[in-house]
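Take a look at the structure set out below.
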Amino acid sequence: MMAEKPIRIFVEAHTYDQIFEGVRTYISGVYRSLLKLYPKDVECYFAAKNVDVLMADFGQYPNAKFLSYSNNSKAYRFLYEIPKLTKQIQANYVHLQYVVPLFHSGKSIVTIHDLLFNDFPKEFPLSYKISRNLFFSLSAYRADILTTISKYSSSQLQYYYKLPDSKIHMIGNGIDEKWFETFNKPDAAKWVQNHFGFSNYILLTSRVEPRKNHVKLLQSYLELALWKQGIHLVLVGKKSIPVPEFEALWNAIPNEAAVFIHHLQQITQNELTQVYRGARFFVYPSKAEGFGLPPLEAVCSELPIICSNQTALSDFDFMGSYFFNPEVDSLTQKLQWLIHNEGQALEDVVRMKKLVIDSYSFNLVATKLMAILKQNLS
């Protein structure tokens with residue numbers, strides 16, 4: 001009897017040609033696990049212009065193949081290159097994020113991570129909301145397999161696009177296994193001090209845009225005058241969408257406080273890992289998330305944490321009393337409480353870390369996805 005052929009999956013990965021963001025983390029985590037768990041059952045063809053970056057991520061897997069786009073044009077990619085390449089490899093499935101092209105070979109898998117622009121319209125330009133609703137809704141209806149990453153996003157898809165629950169596969173999200181590794185916190189703190197020149201710091205990692213709520217944290221830091229206690233504030237992430245209120249507050253920071261406040265807009269993944277592990281506290285005041293990886297990364301870095309309980313972040317119910325509502329509760333009071341209860345928070349975050357490791361593994365996501373692929377292959 002002839003062995004069954006592996007499932008051929010075309011993975012649209014142009015995000016590897018752009019700045020590092022959550023979608024790339026998702027593709028990397030899901031497909032590294034899928035390739036590892038099912039070496040004889042799947043054959044994945046990753047497509048981007050920068051094939052070297054793809055190979056650095058997936059090159060160690062013999063069932064990973066690489067395809068190169070000829071240019072960076074989105075229209076050309078969707079109208080010509082994806083149809084051509086999926087036909088060329090005789091793809092069983094083509095996996096895309098958010099938008100499916102009009103033509104392609106194989107069945108479509110579309111992952112829509114969130115529809116936050118509908119719940120928070122003031123946080124996004126009108127043109128952004130209109131264009132994405134048009135393309136995302138069409139893709140959701142046309143998808144052979146529609147997946148999403150959180151209960152919150154699943155409910156958004158049902159509400160805004162009137163999709164039945166049966167149409168949506170909530171396969172979840174995961175955290176890279178590097179965050180599960182053991183580490184030495186004093187060594188990480190020393191590395192950060194030597195590399196960046198600060199220690200004893202509160203950390204927030206996130207792109208700067210209105211919904212991320214950086215201004216609330218900066219206000220609380222200044223209100224508590226934490227620089228007088230020698231506590232630094234470190235923000236990591238590029239400016240994505242203008243936040244005039246944040247810029248005005250940043251420009252008005254007193255000189256004596258300014259030397260304790262740091263914004264790292266572009267650092268490497270290794271640097272980011274060390275900055276997490278070397279921190280004293282982590283605060284995540286975001287008002288809107290489709291999932292929210294940074295709090296999980298912070299927990300796995302064993303950081304005392306306070307976290308917003310809004311939108312998809314409410315899924316992290318293990319946070320318990322470390323949750324706060326950034327729209328109602330005083331972040332200043334919660335931050336002060338965290339500092340005064342640091343010992344208890346350190347004990348609790350070790351318990352949280354075990355729950356994160358058990359619940360947010362990409363192996364679980366890949367296993368769910370594989371079951372769906374087999375079920376829909378016929």
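In the structure tokens, chains take the letters A, B, ... in the order shown, each chain's residues start at 1, and ligands count up from 1 in the order shown.
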
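Proximity to A:Glu247 at 9 Å, evaluated using only C-alpha atoms and with sequence-adjacent residues fewer than 5 positions away removed, yields Val215, Pro242 and Ala252 of chain A.
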
Q: Please return as a PyMOL selection string: the residues of stretch 77-317 of chain A that backbone DSSP assigns to strand (DSSP E or B).
A: chain A and resi 93-97+107-111+145-148+168-170+175+201-205+208+232-236+239+261-264+281-284+305-308

With N, CA and C atoms retained, write the just-selected residues as a compact mmCIF listing (two decimals), in the first residue's frame.
```txt
# COMPACT_ATOMS: atom_id res chain seq x y z
N TYR A 93 -4.04 23.35 1.10
CA TYR A 93 -4.55 24.49 1.84
C TYR A 93 -3.66 25.71 1.60
N VAL A 94 -4.27 26.88 1.68
CA VAL A 94 -3.52 28.13 1.68
C VAL A 94 -3.94 28.89 2.93
N HIS A 95 -2.96 29.20 3.79
CA HIS A 95 -3.25 29.84 5.08
C HIS A 95 -2.85 31.31 5.01
N LEU A 96 -3.84 32.17 5.27
CA LEU A 96 -3.63 33.61 5.20
C LEU A 96 -4.11 34.27 6.48
N GLN A 97 -3.56 35.45 6.76
CA GLN A 97 -3.98 36.22 7.92
C GLN A 97 -4.91 37.33 7.44
N LYS A 107 -7.89 24.69 -0.47
CA LYS A 107 -8.87 25.30 0.42
C LYS A 107 -8.21 26.41 1.23
N SER A 108 -9.00 27.41 1.57
CA SER A 108 -8.46 28.57 2.29
C SER A 108 -8.64 28.44 3.80
N ILE A 109 -7.58 28.74 4.52
CA ILE A 109 -7.62 28.92 5.97
C ILE A 109 -7.37 30.40 6.22
N VAL A 110 -8.28 31.07 6.87
CA VAL A 110 -8.11 32.49 7.17
C VAL A 110 -8.15 32.67 8.68
N THR A 111 -7.12 33.29 9.22
CA THR A 111 -7.09 33.62 10.64
C THR A 111 -7.33 35.11 10.81
N ILE A 145 -12.01 27.51 5.96
CA ILE A 145 -11.78 27.32 7.40
C ILE A 145 -11.47 28.69 7.99
N LEU A 146 -12.28 29.15 8.93
CA LEU A 146 -12.07 30.44 9.58
C LEU A 146 -11.61 30.19 11.01
N THR A 147 -10.45 30.70 11.36
CA THR A 147 -9.92 30.51 12.71
C THR A 147 -9.69 31.86 13.38
N THR A 148 -9.68 31.83 14.70
CA THR A 148 -9.32 33.03 15.47
C THR A 148 -8.62 32.59 16.74
N ILE A 168 -16.78 29.32 13.04
CA ILE A 168 -15.54 29.85 13.61
C ILE A 168 -14.83 28.79 14.44
N HIS A 169 -13.55 28.60 14.18
CA HIS A 169 -12.72 27.69 14.97
C HIS A 169 -11.83 28.53 15.88
N MET A 170 -12.08 28.51 17.18
CA MET A 170 -11.26 29.24 18.13
C MET A 170 -10.12 28.30 18.55
N ILE A 175 2.59 30.91 23.37
CA ILE A 175 3.76 31.70 23.70
C ILE A 175 5.00 30.88 23.34
N TYR A 201 13.37 48.69 37.45
CA TYR A 201 12.44 49.38 36.56
C TYR A 201 11.10 48.67 36.39
N ILE A 202 10.08 49.49 36.14
CA ILE A 202 8.76 49.05 35.72
C ILE A 202 8.79 48.95 34.20
N LEU A 203 8.24 47.88 33.65
CA LEU A 203 8.31 47.63 32.21
C LEU A 203 6.92 47.59 31.58
N LEU A 204 6.82 48.16 30.38
CA LEU A 204 5.66 48.00 29.50
C LEU A 204 6.19 47.76 28.10
N THR A 205 5.79 46.65 27.47
CA THR A 205 6.19 46.36 26.10
C THR A 205 4.95 46.40 25.21
N VAL A 208 3.24 51.91 20.51
CA VAL A 208 2.57 53.10 21.04
C VAL A 208 1.44 53.49 20.10
N HIS A 232 12.87 53.20 37.86
CA HIS A 232 12.82 53.67 36.48
C HIS A 232 11.54 53.17 35.80
N LEU A 233 11.19 53.82 34.71
CA LEU A 233 10.09 53.39 33.85
C LEU A 233 10.66 53.13 32.46
N VAL A 234 10.42 51.91 31.94
CA VAL A 234 10.95 51.52 30.63
C VAL A 234 9.79 51.13 29.71
N LEU A 235 9.68 51.82 28.59
CA LEU A 235 8.69 51.52 27.56
C LEU A 235 9.42 50.94 26.36
N VAL A 236 8.96 49.80 25.87
CA VAL A 236 9.58 49.15 24.71
C VAL A 236 8.54 49.02 23.60
N LYS A 239 6.52 53.66 17.87
CA LYS A 239 5.35 54.52 17.74
C LYS A 239 4.61 54.10 16.47
N ILE A 261 13.23 57.80 32.90
CA ILE A 261 12.21 57.32 31.98
C ILE A 261 12.85 57.03 30.62
N HIS A 262 12.62 55.84 30.09
CA HIS A 262 13.33 55.38 28.89
C HIS A 262 12.33 54.79 27.89
N HIS A 263 12.52 55.12 26.63
CA HIS A 263 11.69 54.55 25.56
C HIS A 263 12.61 53.91 24.53
N LEU A 264 12.56 52.58 24.46
CA LEU A 264 13.34 51.81 23.49
C LEU A 264 12.43 51.42 22.34
N PHE A 281 8.96 45.10 37.84
CA PHE A 281 7.51 45.00 37.73
C PHE A 281 7.11 45.10 36.25
N PHE A 282 5.89 44.63 35.97
CA PHE A 282 5.33 44.76 34.62
C PHE A 282 3.91 45.30 34.75
N VAL A 283 3.59 46.30 33.93
CA VAL A 283 2.25 46.90 33.93
C VAL A 283 1.70 46.88 32.50
N TYR A 284 0.47 46.40 32.34
CA TYR A 284 -0.14 46.34 31.01
C TYR A 284 -1.52 47.01 31.06
N ILE A 305 3.03 41.56 38.36
CA ILE A 305 2.32 42.17 37.25
C ILE A 305 0.97 42.70 37.69
N ILE A 306 0.55 43.80 37.09
CA ILE A 306 -0.86 44.20 37.09
C ILE A 306 -1.26 44.35 35.63
N CYS A 307 -2.48 43.91 35.32
CA CYS A 307 -2.88 43.79 33.92
C CYS A 307 -4.33 44.25 33.75
N SER A 308 -4.59 44.95 32.67
CA SER A 308 -5.95 45.34 32.30
C SER A 308 -6.82 44.09 32.14
```

Q: Do a neighbour search on A:Gln266 at 10 Å with only C-alpha atoms, toss out local chain neighbours closer than 5 positions, and write the hits as an MDAnalysis selection string.
A: chainID A and resid 19:20 236:239 271:272

Emit the selected residues as a PDB file, in the first residue's frame, including N, CA and C atoms.
```
ATOM      1  N   ILE A  19       8.332  44.850  10.017  1.00  0.00           N
ATOM      2  CA  ILE A  19       8.810  44.895  11.386  1.00  0.00           C
ATOM      3  C   ILE A  19       8.200  43.738  12.160  1.00  0.00           C
ATOM      4  N   PHE A  20       8.898  43.315  13.208  1.00  0.00           N
ATOM      5  CA  PHE A  20       8.436  42.184  14.009  1.00  0.00           C
ATOM      6  C   PHE A  20       7.147  42.564  14.736  1.00  0.00           C
ATOM      7  N   VAL A 236       8.962  49.802  25.867  1.00  0.00           N
ATOM      8  CA  VAL A 236       9.575  49.154  24.708  1.00  0.00           C
ATOM      9  C   VAL A 236       8.536  49.015  23.603  1.00  0.00           C
ATOM     10  N   GLY A 237       8.790  49.589  22.436  1.00  0.00           N
ATOM     11  CA  GLY A 237       7.874  49.464  21.314  1.00  0.00           C
ATOM     12  C   GLY A 237       7.867  50.699  20.442  1.00  0.00           C
ATOM     13  N   LYS A 238       7.677  50.479  19.151  1.00  0.00           N
ATOM     14  CA  LYS A 238       7.684  51.575  18.190  1.00  0.00           C
ATOM     15  C   LYS A 238       6.410  52.417  18.291  1.00  0.00           C
ATOM     16  N   LYS A 239       6.521  53.662  17.866  1.00  0.00           N
ATOM     17  CA  LYS A 239       5.346  54.518  17.738  1.00  0.00           C
ATOM     18  C   LYS A 239       4.611  54.097  16.469  1.00  0.00           C
ATOM     19  N   GLU A 271      17.617  41.068  23.189  1.00  0.00           N
ATOM     20  CA  GLU A 271      17.573  42.201  24.107  1.00  0.00           C
ATOM     21  C   GLU A 271      16.227  42.277  24.822  1.00  0.00           C
ATOM     22  N   LEU A 272      15.154  42.032  24.070  1.00  0.00           N
ATOM     23  CA  LEU A 272      13.818  42.069  24.663  1.00  0.00           C
ATOM     24  C   LEU A 272      13.683  41.027  25.773  1.00  0.00           C
TER      25      LEU A 272
END
```

Q | Shell of 12 Å around A:Pro125, only C-alpha atoms, local chain residues under 5 positions omitted, as an MDAnalysis selection string | A | chainID A and resid 117:118 120 130:132 209:210 241:242

Q.
What does the structure give for the distance between atom CA of A:Leu338 and atom CA of A:Gly174, in Å to one decimal?
A. 26.6 Å

Q. So what do you get for atom CA of A:Ser139 versus atom CA of A:Asp114, distance-wise?
A.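 Separating atom CA of A:Ser139 from atom CA of A:Asp114 is a distance of 13.4 Å.
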
Q.
Counting only C-alpha atoms, which residue out of A:Val328, A:Lys185, A:Glu297, A:Glu245 sits closest to A:Asn309?
A.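 When distances to A:Asn309 are compared using only C-alpha atoms, the smallest one comes from A:Val328.
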
Mind checking which residues fall within 9 Å of A:Ile89, counting only C-alpha atoms, ignoring those fewer than 6 positions away in the same chain, and posting them as a short mmCIF file (atom, residue, chain, number, x, y, z; two decimals) with N, CA and C atoms, in the first residue's frame?
```cif
data_model
loop_
_atom_site.label_atom_id
_atom_site.label_comp_id
_atom_site.auth_asym_id
_atom_site.auth_seq_id
_atom_site.Cartn_x
_atom_site.Cartn_y
_atom_site.Cartn_z
N ARG A 8 -0.17 19.45 1.95
CA ARG A 8 0.65 20.59 1.48
C ARG A 8 -0.05 21.90 1.84
N PHE A 10 0.30 26.02 1.88
CA PHE A 10 0.95 27.27 1.48
C PHE A 10 0.70 28.30 2.58
N TYR A 45 4.86 25.28 2.80
CA TYR A 45 5.55 26.15 1.85
C TYR A 45 5.36 27.60 2.30
N SER A 105 -5.20 28.00 -5.40
CA SER A 105 -5.43 26.56 -5.41
C SER A 105 -5.52 26.06 -3.98
#
```

Q: Please identify all polymer residues within 9 Å of A:Val356, counting only C-alpha atoms, omitting same-chain residues fewer than 3 positions from it, and present them as a list in words.
A: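 Near A:Val356, the qualifying residues are Ile175, Leu296, Val299, Cys300, Phe316, Phe318, Met352, Lys353, Ser359, Tyr360 and Ser361 of chain A.
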
(Q) Applying 10 Å and only C-alpha atoms, which residues near A:Tyr38 remain after dropping the ones on its own chain fewer than 6 positions away? List them as a list in words. (A) Pro6, Asn63, Ala366, Thr367 and Met370 of chain A

Expected file contents, prior selection, N, CA and C atoms, as a compact mmCIF listing (two decimals), in the first residue's frame:
```
# COMPACT_ATOMS: atom_id res chain seq x y z
N PRO A 6 1.81 13.79 2.26
CA PRO A 6 1.63 14.80 3.30
C PRO A 6 0.70 15.92 2.84
N ASN A 63 10.55 19.24 6.45
CA ASN A 63 9.24 19.36 5.79
C ASN A 63 8.83 20.82 5.59
N ALA A 366 -1.26 23.94 17.42
CA ALA A 366 -0.93 23.14 16.24
C ALA A 366 -1.74 21.84 16.20
N THR A 367 -1.94 21.23 17.34
CA THR A 367 -2.72 19.99 17.40
C THR A 367 -4.17 20.25 16.99
N MET A 370 -4.26 20.87 13.18
CA MET A 370 -4.07 19.63 12.42
C MET A 370 -5.36 18.81 12.38
```

Q: Give the answer as one residue: which of A:Lys151, A:Lys65, A:Lys5, A:Lys49 has the shortest atom-to-atom distance to A:Asp165, using only C-alpha atoms?
A: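 Nearest to A:Asp165: A:Lys151.
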
Q: Have a look at atom CA of A:Leu35 and atom CA of A:Ala298 and let me know their distance in Å, one decimal.
A: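 Atom-to-atom, atom CA of A:Leu35 and atom CA of A:Ala298 are spaced 27.0 Å apart.
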